[in-house]
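K.L.:
Structure provided below as structure tokens; questions to follow.
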Amino acid sequence: RNICLLSCQLTATQVANSDKASSGSITGNFGDSPVNVTCNNGYQISDGVTSGSVSCQEDGTFTTVECTGIFLRGCIPNIFFFILEIPSG
């Protein structure tokens, strides 16, 4: 049985908001080890998951992950108030 090595070189990709955000930074061939992707601070793949991997598939395309912004739910941001006291008189 003859197995051809399929390449994802023509579909090199990247993941925005991650350590693999540079254009074409994810490359590989079918059967290679998955490429690890770590989201930048403030981004996640899903609830609390900030890293994952993509793999070259048999059809020559990569699986995908997406790093989306983490939204604070029910939190009030730290706001600093300054009170200026003006003397009367």
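Each chain in the structure tokens gets a letter, A, B and so on, in the order shown; residues start at 1 in every chain, and ligands are counted from 1 in the order they appear.
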Please identify all polymer residues within 6 Å of region 44-59 of chain A, counting only C-alpha atoms, omitting same-chain residues fewer than 3 positions from it, and present them as a list in words.
P.N.:
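Counting only C-alpha atoms, the residues come to Cys8, Asn29, Phe30, Pro34, Val35, Asn36, Val37, Thr38, Cys39, Phe62, Thr63, Thr64, Glu66, Cys67 and Thr68 of chain A.
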K.L.:
Quick one: residues within 7 Å of Asn40 (chain A), only C-alpha atoms counted, chain neighbours fewer than 6 positions away excluded, as a PyMOL selection string?
P.N.:
chain A and resi 17-19
K.L.:
Just checking: using only C-alpha atoms, which residue out of A:Asn41, A:Val15, A:Ser33, A:Gly28 ends up closest to Gly60 (chain A)?
P.N.:
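Using only C-alpha atoms, Gly60 (chain A) sits closest to A:Gly28.
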K.L.:
May I ask which of the residues A:Gly42, A:Ser25, A:Thr61, A:Gly69 is the closest one to Leu10 (chain A), counting only C-alpha atoms?
P.N.:
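Distance minimum relative to Leu10 (chain A) lands on A:Thr61.
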K.L.:
Please list as a list in words every residue within 9 Å of Thr13 (chain A), counting only C-alpha atoms and excluding residues in the same chain fewer than 5 positions away.
P.N.:
Cys8, Lys20, Ala21, Ser22, Ser23, Gly24, Ser25, Ile26, Thr27 and Phe62 of chain A
K.L.:
Please dump the current selection as a JSON list (two decimals), in the first residue's frame; keep all heavy atoms.
P.N.:
```json
[["chain", "number", "residue", "atom", "x", "y", "z"],
["A", 8, "CYS", "N", 0.30, 20.49, 4.08],
["A", 8, "CYS", "CA", -0.56, 21.64, 4.34],
["A", 8, "CYS", "C", 0.20, 22.93, 4.03],
["A", 8, "CYS", "O", -0.21, 24.00, 4.45],
["A", 8, "CYS", "CB", -1.03, 21.64, 5.78],
["A", 8, "CYS", "SG", -2.30, 20.41, 6.13],
["A", 20, "LYS", "N", 0.87, 32.15, 17.65],
["A", 20, "LYS", "CA", 0.95, 31.74, 16.24],
["A", 20, "LYS", "C", 0.16, 32.71, 15.38],
["A", 20, "LYS", "O", -0.52, 32.33, 14.43],
["A", 20, "LYS", "CB", 0.42, 30.32, 16.05],
["A", 20, "LYS", "CG", 1.13, 29.26, 16.86],
["A", 20, "LYS", "CD", 2.54, 29.07, 16.39],
["A", 20, "LYS", "CE", 3.18, 27.91, 17.16],
["A", 20, "LYS", "NZ", 4.60, 27.89, 17.08],
["A", 21, "ALA", "N", 0.25, 34.01, 15.68],
["A", 21, "ALA", "CA", -0.54, 35.03, 14.97],
["A", 21, "ALA", "C", 0.13, 35.52, 13.68],
["A", 21, "ALA", "O", -0.53, 36.09, 12.82],
["A", 21, "ALA", "CB", -0.82, 36.21, 15.89],
["A", 22, "SER", "N", 1.42, 35.29, 13.53],
["A", 22, "SER", "CA", 2.12, 35.72, 12.32],
["A", 22, "SER", "C", 1.60, 34.95, 11.11],
["A", 22, "SER", "O", 1.38, 33.73, 11.18],
["A", 22, "SER", "CB", 3.63, 35.49, 12.44],
["A", 22, "SER", "OG", 4.15, 36.24, 13.51],
["A", 23, "SER", "N", 1.43, 35.64, 10.01],
["A", 23, "SER", "CA", 0.90, 35.03, 8.79],
["A", 23, "SER", "C", 1.71, 33.80, 8.39],
["A", 23, "SER", "O", 2.93, 33.86, 8.28],
["A", 23, "SER", "CB", 0.91, 36.06, 7.67],
["A", 23, "SER", "OG", 0.40, 35.50, 6.48],
["A", 24, "GLY", "N", 1.02, 32.68, 8.20],
["A", 24, "GLY", "CA", 1.68, 31.46, 7.75],
["A", 24, "GLY", "C", 2.55, 30.78, 8.78],
["A", 24, "GLY", "O", 3.37, 29.94, 8.44],
["A", 25, "SER", "N", 2.37, 31.11, 10.07],
["A", 25, "SER", "CA", 3.25, 30.56, 11.10],
["A", 25, "SER", "C", 2.94, 29.10, 11.45],
["A", 25, "SER", "O", 3.72, 28.44, 12.13],
["A", 25, "SER", "CB", 3.20, 31.41, 12.37],
["A", 25, "SER", "OG", 1.89, 31.47, 12.89],
["A", 26, "ILE", "N", 1.82, 28.58, 10.97],
["A", 26, "ILE", "CA", 1.48, 27.17, 11.20],
["A", 26, "ILE", "C", 1.58, 26.43, 9.88],
["A", 26, "ILE", "O", 0.87, 26.72, 8.93],
["A", 26, "ILE", "CB", 0.06, 27.04, 11.79],
["A", 26, "ILE", "CG1", -0.02, 27.75, 13.14],
["A", 26, "ILE", "CG2", -0.32, 25.58, 11.92],
["A", 26, "ILE", "CD1", -1.42, 27.79, 13.72],
["A", 27, "THR", "N", 2.54, 25.49, 9.83],
["A", 27, "THR", "CA", 2.75, 24.68, 8.63],
["A", 27, "THR", "C", 2.92, 23.23, 9.05],
["A", 27, "THR", "O", 3.12, 22.93, 10.23],
["A", 27, "THR", "CB", 4.01, 25.13, 7.85],
["A", 27, "THR", "OG1", 5.14, 24.98, 8.70],
["A", 27, "THR", "CG2", 3.89, 26.57, 7.39],
["A", 62, "PHE", "N", -5.86, 22.56, 7.68],
["A", 62, "PHE", "CA", -5.62, 22.44, 9.11],
["A", 62, "PHE", "C", -6.93, 22.45, 9.90],
["A", 62, "PHE", "O", -7.90, 23.10, 9.50],
["A", 62, "PHE", "CB", -4.77, 23.61, 9.61],
["A", 62, "PHE", "CG", -3.31, 23.45, 9.33],
["A", 62, "PHE", "CD1", -2.73, 24.06, 8.23],
["A", 62, "PHE", "CD2", -2.50, 22.70, 10.16],
["A", 62, "PHE", "CE1", -1.37, 23.92, 7.96],
["A", 62, "PHE", "CE2", -1.15, 22.53, 9.90],
["A", 62, "PHE", "CZ", -0.59, 23.15, 8.80]]
```
